[in-house]
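Visitor: Here you go, this is coords_24.pdb (PDB, C-alpha atoms).
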```pdb
ATOM      1  CA  MET A   1     -15.156  18.784   8.403
ATOM      2  CA  LYS A   2     -15.388  15.971  10.966
ATOM      3  CA  ARG A   3     -13.105  13.127   9.935
ATOM      4  CA  LEU A   4     -12.903   9.572  11.252
ATOM      5  CA  TYR A   5      -9.374   8.140  11.484
ATOM      6  CA  ILE A   6      -9.529   4.349  11.565
ATOM      7  CA  THR A   7      -6.545   2.039  11.710
ATOM      8  CA  ASP A   8      -5.672  -1.617  11.490
ATOM      9  CA  LEU A   9      -3.631  -2.940  14.414
ATOM     10  CA  ASP A  10      -1.143  -5.705  13.580
ATOM     11  CA  GLY A  11       1.563  -4.486  11.235
ATOM     12  CA  THR A  12       0.019  -1.015  11.096
ATOM     13  CA  LEU A  13      -0.501   0.636  14.487
ATOM     14  CA  PHE A  14       1.265  -2.055  16.528
ATOM     15  CA  ARG A  15       5.001  -2.486  16.314
ATOM     16  CA  ASN A  16       6.438  -5.884  15.444
ATOM     17  CA  ASN A  17       6.069  -7.051  19.062
ATOM     18  CA  ALA A  18       2.268  -6.671  18.736
ATOM     19  CA  ARG A  19       2.207  -3.694  21.089
ATOM     20  CA  LEU A  20       1.802   0.058  20.914
ATOM     21  CA  SER A  21       4.932   2.061  21.607
ATOM     22  CA  PRO A  22       4.634   4.433  24.590
ATOM     23  CA  ARG A  23       4.986   7.444  22.280
ATOM     24  CA  CYS A  24       2.220   6.154  19.987
ATOM     25  CA  ALA A  25      -0.192   5.566  22.896
ATOM     26  CA  ALA A  26       0.583   9.017  24.315
ATOM     27  CA  ALA A  27       0.053  10.674  20.933
ATOM     28  CA  LEU A  28      -3.305   8.949  20.370
ATOM     29  CA  ASN A  29      -4.522   9.902  23.842
ATOM     30  CA  THR A  30      -3.550  13.524  23.230
ATOM     31  CA  LEU A  31      -5.377  13.544  19.902
ATOM     32  CA  ILE A  32      -8.509  11.952  21.361
ATOM     33  CA  GLU A  33      -8.474  14.453  24.211
ATOM     34  CA  GLN A  34      -8.332  17.236  21.611
ATOM     35  CA  GLY A  35     -11.444  15.826  19.948
ATOM     36  CA  ALA A  36     -10.058  13.646  17.141
ATOM     37  CA  TRP A  37     -12.276  10.741  16.136
ATOM     38  CA  ILE A  38      -9.940   7.733  16.211
ATOM     39  CA  SER A  39     -10.888   4.068  16.139
ATOM     40  CA  VAL A  40      -9.637   0.640  15.113
ATOM     41  CA  ALA A  41     -10.610  -1.899  12.437
ATOM     42  CA  SER A  42      -8.926  -5.214  13.174
ATOM     43  CA  ALA A  43      -9.228  -8.939  12.594
ATOM     44  CA  ARG A  44      -8.616  -9.418  16.316
ATOM     45  CA  SER A  45     -11.402 -10.512  18.626
ATOM     46  CA  PRO A  46     -11.962  -8.919  22.051
ATOM     47  CA  ILE A  47      -9.824 -11.743  23.477
ATOM     48  CA  GLY A  48      -7.058 -11.000  20.974
ATOM     49  CA  VAL A  49      -7.191  -7.300  21.834
ATOM     50  CA  SER A  50      -6.900  -8.171  25.531
ATOM     51  CA  LEU A  51      -3.520  -9.800  24.846
ATOM     52  CA  THR A  52      -2.114  -6.425  23.782
ATOM     53  CA  ASN A  53      -1.687  -3.033  25.451
ATOM     54  CA  LEU A  54      -4.386  -1.340  23.342
ATOM     55  CA  ASN A  55      -6.251  -0.439  26.541
ATOM     56  CA  GLU A  56      -3.560   2.188  27.151
ATOM     57  CA  VAL A  57      -5.462   4.293  24.609
ATOM     58  CA  ARG A  58      -8.620   5.910  26.011
ATOM     59  CA  PHE A  59     -10.875   5.302  23.016
ATOM     60  CA  ARG A  60     -14.204   7.116  23.022
ATOM     61  CA  LEU A  61     -15.522   5.415  19.889
ATOM     62  CA  PRO A  62     -16.525   1.798  19.266
ATOM     63  CA  LEU A  63     -13.899  -0.449  17.725
ATOM     64  CA  VAL A  64     -14.521  -2.501  14.565
ATOM     65  CA  LEU A  65     -13.279  -5.995  15.446
ATOM     66  CA  MET A  66     -13.220  -9.450  13.858
ATOM     67  CA  ASN A  67     -13.070  -7.940  10.368
ATOM     68  CA  GLY A  68     -16.286  -6.010  10.929
ATOM     69  CA  ALA A  69     -18.316  -8.830  12.473
ATOM     70  CA  ILE A  70     -18.730  -6.844  15.706
ATOM     71  CA  LEU A  71     -18.594  -3.300  17.056
ATOM     72  CA  TYR A  72     -16.979  -3.291  20.493
ATOM     73  CA  ASP A  73     -16.812  -0.877  23.433
ATOM     74  CA  LEU A  74     -13.271  -1.414  24.741
ATOM     75  CA  ALA A  75     -13.686   0.531  27.988
ATOM     76  CA  ALA A  76     -16.886  -1.277  28.964
ATOM     77  CA  GLY A  77     -15.795  -4.643  27.530
ATOM     78  CA  ARG A  78     -19.123  -4.906  25.722
ATOM     79  CA  ILE A  79     -20.190  -6.074  22.249
ATOM     80  CA  LEU A  80     -22.438  -3.359  20.829
ATOM     81  CA  ASP A  81     -23.440  -4.922  17.525
ATOM     82  CA  SER A  82     -22.799  -8.176  15.672
ATOM     83  CA  PHE A  83     -23.796  -9.959  12.467
ATOM     84  CA  TYR A  84     -24.975 -13.531  13.025
ATOM     85  CA  TRP A  85     -25.232 -16.361  10.560
ATOM     86  CA  GLU A  86     -28.362 -18.457  10.354
ATOM     87  CA  PRO A  87     -27.613 -21.998  11.633
ATOM     88  CA  GLU A  88     -27.909 -23.397   8.087
ATOM     89  CA  THR A  89     -25.268 -20.966   6.856
ATOM     90  CA  ALA A  90     -22.937 -21.780   9.755
ATOM     91  CA  GLY A  91     -23.381 -25.468   8.961
ATOM     92  CA  ALA A  92     -22.569 -24.927   5.282
ATOM     93  CA  VAL A  93     -19.428 -22.954   6.164
ATOM     94  CA  LEU A  94     -18.191 -25.627   8.564
ATOM     95  CA  GLU A  95     -18.892 -28.424   6.081
ATOM     96  CA  ILE A  96     -16.806 -26.702   3.379
ATOM     97  CA  CYS A  97     -13.995 -26.277   5.892
ATOM     98  CA  ARG A  98     -14.259 -29.933   6.941
ATOM     99  CA  ARG A  99     -14.017 -31.112   3.335
ATOM    100  CA  GLY A 100     -10.844 -29.016   3.028
ATOM    101  CA  GLY A 101      -9.344 -30.700   6.092
ATOM    102  CA  LYS A 102      -9.940 -27.798   8.484
ATOM    103  CA  THR A 103     -11.929 -27.457  11.710
ATOM    104  CA  PRO A 104     -11.832 -23.729  12.472
ATOM    105  CA  PHE A 105     -12.396 -21.762  15.634
ATOM    106  CA  LEU A 106     -16.096 -20.815  15.615
ATOM    107  CA  TYR A 107     -16.836 -17.557  17.415
ATOM    108  CA  ARG A 108     -20.365 -17.223  18.792
ATOM    109  CA  VAL A 109     -22.142 -14.352  20.532
ATOM    110  CA  GLU A 110     -24.811 -15.080  23.127
ATOM    111  CA  GLU A 111     -26.306 -12.316  25.296
ATOM    112  CA  GLY A 112     -23.347 -10.056  24.572
ATOM    113  CA  ARG A 113     -20.812 -12.701  25.591
ATOM    114  CA  MET A 114     -18.306 -14.381  23.288
ATOM    115  CA  ASP A 115     -18.018 -18.163  23.163
ATOM    116  CA  ILE A 116     -15.295 -19.854  21.063
ATOM    117  CA  VAL A 117     -15.630 -23.496  20.041
ATOM    118  CA  PHE A 118     -13.332 -25.879  18.158
ATOM    119  CA  THR A 119     -13.292 -29.622  17.546
ATOM    120  CA  GLN A 120      -9.584 -30.121  16.813
ATOM    121  CA  LEU A 121      -6.510 -28.050  15.938
ATOM    122  CA  THR A 122      -4.992 -28.827  12.550
ATOM    123  CA  SER A 123      -1.896 -26.613  12.274
ATOM    124  CA  GLU A 124       0.940 -25.419  14.479
ATOM    125  CA  GLY A 125      -0.227 -21.830  14.028
ATOM    126  CA  GLU A 126      -3.619 -22.757  15.507
ATOM    127  CA  ARG A 127      -2.019 -24.659  18.382
ATOM    128  CA  GLU A 128       0.172 -21.670  19.289
ATOM    129  CA  PHE A 129      -2.824 -19.319  18.941
ATOM    130  CA  TYR A 130      -4.845 -21.512  21.306
ATOM    131  CA  ARG A 131      -2.045 -21.939  23.889
ATOM    132  CA  LYS A 132      -1.520 -18.195  24.263
ATOM    133  CA  ARG A 133      -5.216 -17.503  24.762
ATOM    134  CA  ALA A 134      -6.180 -20.530  26.847
ATOM    135  CA  GLU A 135      -3.482 -19.698  29.390
ATOM    136  CA  ARG A 136      -4.807 -16.167  29.871
ATOM    137  CA  PHE A 137      -8.513 -16.863  29.457
ATOM    138  CA  PRO A 138      -9.311 -20.393  30.669
ATOM    139  CA  GLY A 139     -12.775 -21.572  29.738
ATOM    140  CA  VAL A 140     -13.343 -19.111  26.880
ATOM    141  CA  PHE A 141     -12.189 -21.624  24.253
ATOM    142  CA  ARG A 142     -14.085 -24.934  24.371
ATOM    143  CA  LYS A 143     -13.208 -28.182  22.629
ATOM    144  CA  GLU A 144     -16.399 -30.017  21.649
ATOM    145  CA  ALA A 145     -17.250 -33.146  19.691
ATOM    146  CA  ALA A 146     -19.529 -31.106  17.414
ATOM    147  CA  TYR A 147     -20.086 -27.437  16.689
ATOM    148  CA  PRO A 148     -23.177 -25.613  17.999
ATOM    149  CA  LEU A 149     -24.635 -23.768  15.003
ATOM    150  CA  SER A 150     -26.611 -20.983  16.675
ATOM    151  CA  GLY A 151     -25.124 -17.557  17.337
ATOM    152  CA  GLY A 152     -22.168 -17.972  14.978
ATOM    153  CA  VAL A 153     -20.541 -14.759  13.752
ATOM    154  CA  TYR A 154     -17.028 -15.736  12.661
ATOM    155  CA  CYS A 155     -14.649 -18.564  11.789
ATOM    156  CA  SER A 156     -10.864 -18.364  11.867
ATOM    157  CA  MET A 157      -8.204 -20.876  10.845
ATOM    158  CA  GLN A 158      -4.496 -20.950  10.028
ATOM    159  CA  ASP A 159      -2.451 -23.043   7.628
ATOM    160  CA  ALA A 160      -0.394 -22.845   4.439
ATOM    161  CA  GLU A 161      -1.837 -20.723   1.654
ATOM    162  CA  GLU A 162      -2.246 -23.750  -0.622
ATOM    163  CA  VAL A 163      -4.456 -25.433   1.980
ATOM    164  CA  LEU A 164      -6.659 -22.420   2.647
ATOM    165  CA  ARG A 165      -7.135 -20.906  -0.812
ATOM    166  CA  PRO A 166      -9.254 -23.790  -2.211
ATOM    167  CA  ILE A 167     -11.495 -23.538   0.863
ATOM    168  CA  GLN A 168     -11.959 -19.811   0.262
ATOM    169  CA  GLU A 169     -12.875 -20.507  -3.354
ATOM    170  CA  GLN A 170     -15.594 -22.922  -2.228
ATOM    171  CA  LEU A 171     -16.874 -20.430   0.353
ATOM    172  CA  SER A 172     -17.251 -17.771  -2.345
ATOM    173  CA  ARG A 173     -20.255 -19.728  -3.647
ATOM    174  CA  LEU A 174     -22.222 -18.999  -0.466
ATOM    175  CA  PRO A 175     -24.063 -15.679  -0.976
ATOM    176  CA  GLU A 176     -24.378 -14.902   2.744
ATOM    177  CA  VAL A 177     -20.673 -15.384   3.432
ATOM    178  CA  ASP A 178     -17.546 -13.300   2.914
ATOM    179  CA  SER A 179     -13.945 -14.092   3.804
ATOM    180  CA  VAL A 180     -10.377 -12.798   3.740
ATOM    181  CA  LEU A 181      -7.163 -14.757   3.196
ATOM    182  CA  TYR A 182      -3.883 -13.109   4.131
ATOM    183  CA  ALA A 183      -0.339 -13.810   5.323
ATOM    184  CA  ASP A 184       0.358 -13.881   9.049
ATOM    185  CA  THR A 185       2.173 -10.735  10.223
ATOM    186  CA  TYR A 186       4.192 -12.639  12.822
ATOM    187  CA  ARG A 187       4.648 -16.253  11.671
ATOM    188  CA  GLU A 188       6.490 -17.066   8.446
ATOM    189  CA  ASP A 189       4.708 -19.260   5.875
ATOM    190  CA  ASN A 190       1.487 -19.123   7.900
ATOM    191  CA  TRP A 191      -1.791 -17.733   6.537
ATOM    192  CA  TYR A 192      -5.143 -16.830   8.043
ATOM    193  CA  LEU A 193      -8.540 -17.562   6.509
ATOM    194  CA  GLU A 194     -11.285 -15.655   8.310
ATOM    195  CA  ILE A 195     -14.960 -16.042   7.467
ATOM    196  CA  PHE A 196     -17.881 -13.799   8.386
ATOM    197  CA  SER A 197     -21.272 -12.556   7.261
ATOM    198  CA  ALA A 198     -21.434 -10.857   3.870
ATOM    199  CA  ARG A 199     -22.913  -7.921   5.801
ATOM    200  CA  ALA A 200     -19.690  -7.636   7.839
ATOM    201  CA  GLY A 201     -16.106  -7.078   6.611
ATOM    202  CA  LYS A 202     -13.848  -4.193   7.591
ATOM    203  CA  ALA A 203     -15.279  -1.890   4.913
ATOM    204  CA  ASN A 204     -18.866  -2.430   6.084
ATOM    205  CA  GLY A 205     -17.829  -2.123   9.718
ATOM    206  CA  VAL A 206     -16.178   1.223   9.029
ATOM    207  CA  ARG A 207     -19.213   2.327   7.044
ATOM    208  CA  ARG A 208     -21.499   1.489   9.985
ATOM    209  CA  LEU A 209     -19.284   3.433  12.364
ATOM    210  CA  ARG A 210     -19.103   6.374   9.964
ATOM    211  CA  GLU A 211     -22.893   6.515   9.740
ATOM    212  CA  ARG A 212     -23.245   6.118  13.503
ATOM    213  CA  LEU A 213     -21.015   9.156  14.028
ATOM    214  CA  GLY A 214     -22.117  11.217  11.040
ATOM    215  CA  ALA A 215     -18.477  11.548   9.933
ATOM    216  CA  GLN A 216     -18.011  13.494   6.703
ATOM    217  CA  ALA A 217     -14.762  11.789   5.710
ATOM    218  CA  VAL A 218     -12.722   8.681   6.580
ATOM    219  CA  THR A 219      -8.965   8.237   6.619
ATOM    220  CA  ALA A 220      -8.050   4.552   6.842
ATOM    221  CA  PHE A 221      -4.673   3.000   7.696
ATOM    222  CA  GLY A 222      -3.610  -0.543   6.811
ATOM    223  CA  ASP A 223      -0.814  -2.877   5.823
ATOM    224  CA  ASN A 224      -2.228  -6.224   4.678
ATOM    225  CA  ASP A 225      -4.540  -7.751   2.098
ATOM    226  CA  ASN A 226      -7.468  -7.935   4.531
ATOM    227  CA  ASP A 227      -7.346  -4.113   4.709
ATOM    228  CA  ILE A 228      -7.885  -3.616   0.978
ATOM    229  CA  ALA A 229     -11.687  -3.275   0.968
ATOM    230  CA  MET A 230     -11.463  -0.747   3.805
ATOM    231  CA  LEU A 231      -8.766   1.220   1.989
ATOM    232  CA  GLU A 232     -10.815   1.244  -1.221
ATOM    233  CA  GLN A 233     -13.877   2.810   0.417
ATOM    234  CA  ALA A 234     -11.947   5.402   2.472
ATOM    235  CA  ASP A 235     -11.696   9.015   1.363
ATOM    236  CA  THR A 236      -7.963   8.847   2.118
ATOM    237  CA  ALA A 237      -6.131   5.507   2.116
ATOM    238  CA  CYS A 238      -2.803   5.318   3.972
ATOM    239  CA  VAL A 239      -0.503   2.278   3.955
ATOM    240  CA  VAL A 240       2.617   1.865   6.072
ATOM    241  CA  ALA A 241       5.981   1.200   4.415
ATOM    242  CA  ASN A 242       6.016  -2.421   5.598
ATOM    243  CA  GLY A 243       2.651  -3.103   3.925
ATOM    244  CA  SER A 244       1.972  -5.777   1.314
ATOM    245  CA  ALA A 245       2.359  -4.971  -2.371
ATOM    246  CA  ARG A 246      -1.400  -5.306  -2.950
ATOM    247  CA  ALA A 247      -2.231  -2.951  -0.085
ATOM    248  CA  LYS A 248       0.281  -0.371  -1.337
ATOM    249  CA  GLU A 249      -1.446  -0.367  -4.725
ATOM    250  CA  LYS A 250      -4.535   1.051  -2.986
ATOM    251  CA  ALA A 251      -2.678   3.784  -1.101
ATOM    252  CA  ASP A 252      -3.207   7.478  -1.620
ATOM    253  CA  ILE A 253      -0.382   8.070   0.849
ATOM    254  CA  LEU A 254       2.545   5.838   1.851
ATOM    255  CA  LEU A 255       3.611   6.305   5.470
ATOM    256  CA  PRO A 256       6.678   5.402   7.517
ATOM    257  CA  SER A 257       6.564   1.857   8.866
ATOM    258  CA  ASN A 258       4.776   0.539  11.941
ATOM    259  CA  GLU A 259       8.158   0.507  13.709
ATOM    260  CA  GLU A 260       8.359   4.276  13.137
ATOM    261  CA  ASP A 261       4.818   5.028  14.430
ATOM    262  CA  GLY A 262       3.777   6.157  10.963
ATOM    263  CA  VAL A 263       0.045   6.225  11.775
ATOM    264  CA  ALA A 264       0.382   8.421  14.859
ATOM    265  CA  GLU A 265       2.808  10.728  13.067
ATOM    266  CA  TYR A 266       0.338  11.203  10.221
ATOM    267  CA  ILE A 267      -2.691  11.934  12.420
ATOM    268  CA  LEU A 268      -0.707  14.408  14.507
ATOM    269  CA  ALA A 269       0.218  16.294  11.345
ATOM    270  CA  ASP A 270      -3.237  16.047   9.764
ATOM    271  CA  TYR A 271      -5.486  16.799  12.741
ATOM    272  CA  ALA A 272      -4.979  20.362  13.897
ATOM    273  CA  PRO A 273      -7.826  21.775  16.026
ATOM    274  CA  ASP A 274      -5.733  24.852  16.745
ATOM    275  CA  GLY A 275      -4.612  25.276  13.135
ATOM    276  CA  LYS A 276      -1.113  23.964  13.793
ATOM    277  CA  ASP A 277       0.511  20.664  12.889
ATOM    278  CA  GLY A 278       1.447  18.307  15.702
ATOM    279  CA  THR A 279       4.698  16.473  16.337
ATOM    280  CA  LEU A 280       5.583  13.450  18.435
TER     281      LEU A 280
END
```
What does this structure look like when you write it as structure tokens?
Guide:
Amino acid sequence: MKRLYITDLDGTLFRNNARLSPRCAAALNTLIEQGAWISVASARSPIGVSLTNLNEVRFRLPLVLMNGAILYDLAAGRILDSFYWEPETAGAVLEICRRGGKTPFLYRVEEGRMDIVFTQLTSEGEREFYRKRAERFPGVFRKEAAYPLSGGVYCSMQDAEEVLRPIQEQLSRLPEVDSVLYADTYREDNWYLEIFSARAGKANGVRRLRERLGAQAVTAFGDNDNDIAMLEQADTACVVANGSARAKEKADILLPSNEEDGVAEYILADYAPDGKDGTL
């Protein structure tokens, strides 16, 4: 039975420094070379992935990025598929955010290229997020007086939970929109609200990849609340020991933590083309 192994990155596959350990990268490359179908489902954008050492893994499958808003070929640096909003929907999303005091990063896709626009930064988490990326990728993020509404696929913002939750509640009234609200893995008392097409989401992204491959089963790995929908639709749901309480409630299997390379350990033991378990 051909199985797809798909894993979240931050807090799950990555260690607490937002990087793969050398032993994890080596294990994944060995498994992929043996024929294992391994991919990623992450809230990160291609820019966010570029800030990590994920390219040390020689993925052969598309990655599910931006909570399912795009499928991405890491080796080629190419967006394979994306779910756009109509301009009216993008405008409605941004207006709800504005009324809640937020001006999010708007991610747009034009001719396979990503363009990221903002009008102002309204939290320290957003300012730090921007500084790290603008230094490495000058010109990718653009500050504008007004948002362009065409080509929008994703909005992301950071703030306290009590600021973001009312905005999410208002967004839930838009039928073409879905969103996730979850605690930041790295910054205390900071939350992310990420907004995308109702046709996207990690669960739908994994489903699209599963159908693309013809996989007969899916094992999903996560740690946070934005992984829950993906865990619910997987045949086997695995959550690392450092995961949130809500994510652990959805687990079929609890794994060692991200600091112990729990995901790689599990796949090595579960995937056995020669009939033998693997070890790190």
Visitor: The PyMOL selection byres ((chain A and resi 57-74) around 6) on the file shown: which residues, as a VMD selection string?
Guide: chain A and resid 25 29 39 to 45 54 to 56 75 to 83 200 to 202 205
Visitor: So which residues get picked by the PyMOL selection byres ((chain A and resi 152) around 12) here, written as a ChimeraX atom specification?
Guide: /A:69-70,82-94,105-110,113-117,147-151,153-156,177,195-197
Visitor: Spell out the residues picked by the PyMOL selection byres ((chain A and resi 239) around 8) here, as a list in words.
Guide: Thr12, Phe221, Gly222, Asp223, Ala237, Cys238, Val240, Ala241, Gly243, Ala247, Lys248, Ala251, Ile253, Leu254 and Leu255 of chain A
Visitor: By how many Å are atom CA of Thr236 of chain A and atom CA of Leu4 of chain A apart?
Guide: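 Taking atom CA of Thr236 of chain A as the start and atom CA of Leu4 of chain A as the end point, the length is 10.4 Å.
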Visitor: So that I can check the surroundings of Gly214 of chain A, please list as an NGL selection string every protein, DNA and RNA residue that reaches within 10 Å of it, counting only C-alpha atoms and ignoring chain neighbours fewer than 4 positions away.
Guide: :A and (2-4 or 208-210)
Visitor: To one decimal place in Å, what is the distance between atom CA of Asp159 of chain A and atom CA of Thr122 of chain A?
Guide: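 Separating atom CA of Asp159 of chain A from atom CA of Thr122 of chain A is a distance of 8.0 Å.
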Visitor: Tell me which protein, DNA and RNA residues are within 12 Å of segment 269-272 of chain A, counting only C-alpha atoms, leaving out same-chain ones fewer than 5 positions away, and put them as an MDAnalysis selection string.
Guide: chainID A and resid 1:5 27:28 30:32 34:38 219 236 262:264 277:280
Visitor: Record the distance separating atom CA of Thr103 of chain A and atom CA of Leu121 of chain A, expressed in Å with one decimal.
Guide: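 Separating atom CA of Thr103 of chain A from atom CA of Leu121 of chain A is a distance of 6.9 Å.
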Visitor: Edge lengths and centre in Å to one decimal, as lines of an AutoDock Vina configuration file, of the axis-aligned box that encloses all listed atoms of segment 225-231 of chain A with 6 Å added on every side?
Guide:
```
center_x = -8.1
center_y = -3.4
center_z = 2.8
size_x = 19.1
size_y = 21.2
size_z = 15.7
```
Visitor: Using all atoms listed in the file, determine which residues lie at most 9 Å from Ala18 of chain A, disregarding the query and same-chain residues fewer than 4 positions distant; provide the list as JSON, numbers by chain.
Guide: {"A": [9, 10, 11, 13, 14, 51, 52, 53, 186]}
Visitor: For Glu169 of chain A, list every protein, DNA or RNA residue within 10 Å, evaluated using only C-alpha atoms, and leave out those in the same chain fewer than 5 positions away; present the list as a PyMOL selection string.
Guide: chain A and resi 96+164+174+179
Visitor: Which residues are close to Pro166 of chain A, i.e. within 9 Å by only C-alpha atoms, leaving aside same-chain residues fewer than 5 positions away? Reply as a list in words.
Guide: Gly100, Glu161 and Leu171 of chain A
Visitor: When you write segment 205-220 of chain A out from the block above, keep N, CA, C and O atoms and present the result as an mmCIF file, in the first residue's frame, please.
Guide:
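Heads up, here's the output in out.cif:
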```cif
data_model
loop_
_atom_site.group_PDB
_atom_site.id
_atom_site.type_symbol
_atom_site.label_atom_id
_atom_site.label_comp_id
_atom_site.auth_asym_id
_atom_site.auth_seq_id
_atom_site.Cartn_x
_atom_site.Cartn_y
_atom_site.Cartn_z
ATOM 1 N N GLY A 205 -5.244 20.838 0.953
ATOM 2 C CA GLY A 205 -3.966 20.741 0.260
ATOM 3 C C GLY A 205 -3.428 19.327 0.265
ATOM 4 O O GLY A 205 -2.938 18.820 -0.751
ATOM 5 N N VAL A 206 -3.524 18.664 1.407
ATOM 6 C CA VAL A 206 -3.068 17.268 1.496
ATOM 7 C C VAL A 206 -3.949 16.373 0.629
ATOM 8 O O VAL A 206 -3.462 15.463 -0.048
ATOM 9 N N ARG A 207 -5.237 16.645 0.627
ATOM 10 C CA ARG A 207 -6.148 15.852 -0.202
ATOM 11 C C ARG A 207 -5.803 15.989 -1.689
ATOM 12 O O ARG A 207 -5.789 15.004 -2.429
ATOM 13 N N ARG A 208 -5.491 17.214 -2.126
ATOM 14 C CA ARG A 208 -5.096 17.421 -3.520
ATOM 15 C C ARG A 208 -3.815 16.672 -3.855
ATOM 16 O O ARG A 208 -3.688 16.066 -4.921
ATOM 17 N N LEU A 209 -2.860 16.699 -2.939
ATOM 18 C CA LEU A 209 -1.606 15.990 -3.182
ATOM 19 C C LEU A 209 -1.835 14.489 -3.190
ATOM 20 O O LEU A 209 -1.274 13.768 -4.029
ATOM 21 N N ARG A 210 -2.669 14.007 -2.282
ATOM 22 C CA ARG A 210 -2.980 12.576 -2.237
ATOM 23 C C ARG A 210 -3.593 12.120 -3.559
ATOM 24 O O ARG A 210 -3.200 11.077 -4.114
ATOM 25 N N GLU A 211 -4.545 12.891 -4.068
ATOM 26 C CA GLU A 211 -5.179 12.525 -5.335
ATOM 27 C C GLU A 211 -4.198 12.619 -6.495
ATOM 28 O O GLU A 211 -4.227 11.784 -7.412
ATOM 29 N N ARG A 212 -3.342 13.603 -6.459
ATOM 30 C CA ARG A 212 -2.332 13.782 -7.516
ATOM 31 C C ARG A 212 -1.419 12.564 -7.601
ATOM 32 O O ARG A 212 -1.026 12.136 -8.693
ATOM 33 N N LEU A 213 -1.083 12.002 -6.431
ATOM 34 C CA LEU A 213 -0.175 10.863 -6.374
ATOM 35 C C LEU A 213 -0.886 9.518 -6.515
ATOM 36 O O LEU A 213 -0.261 8.518 -6.878
ATOM 37 N N GLY A 214 -2.175 9.492 -6.159
ATOM 38 C CA GLY A 214 -2.877 8.218 -6.071
ATOM 39 C C GLY A 214 -2.504 7.447 -4.821
ATOM 40 O O GLY A 214 -2.548 6.213 -4.798
ATOM 41 N N ALA A 215 -2.147 8.171 -3.735
ATOM 42 C CA ALA A 215 -1.775 7.510 -2.484
ATOM 43 C C ALA A 215 -2.989 6.817 -1.885
ATOM 44 O O ALA A 215 -4.102 7.342 -1.907
ATOM 45 N N GLN A 216 -2.772 5.647 -1.323
ATOM 46 C CA GLN A 216 -3.852 4.865 -0.718
ATOM 47 C C GLN A 216 -4.073 5.202 0.751
ATOM 48 O O GLN A 216 -5.122 4.868 1.303
ATOM 49 N N ALA A 217 -3.095 5.822 1.374
ATOM 50 C CA ALA A 217 -3.219 6.179 2.792
ATOM 51 C C ALA A 217 -2.346 7.391 3.071
ATOM 52 O O ALA A 217 -1.360 7.648 2.365
ATOM 53 N N VAL A 218 -2.702 8.141 4.126
ATOM 54 C CA VAL A 218 -1.941 9.327 4.535
ATOM 55 C C VAL A 218 -1.632 9.224 6.024
ATOM 56 O O VAL A 218 -2.526 8.962 6.839
ATOM 57 N N THR A 219 -0.370 9.431 6.362
ATOM 58 C CA THR A 219 0.035 9.630 7.746
ATOM 59 C C THR A 219 0.465 11.076 7.889
ATOM 60 O O THR A 219 1.352 11.532 7.165
ATOM 61 N N ALA A 220 -0.194 11.810 8.784
ATOM 62 C CA ALA A 220 0.074 13.233 8.965
ATOM 63 C C ALA A 220 0.698 13.484 10.332
ATOM 64 O O ALA A 220 0.352 12.823 11.319
#
```
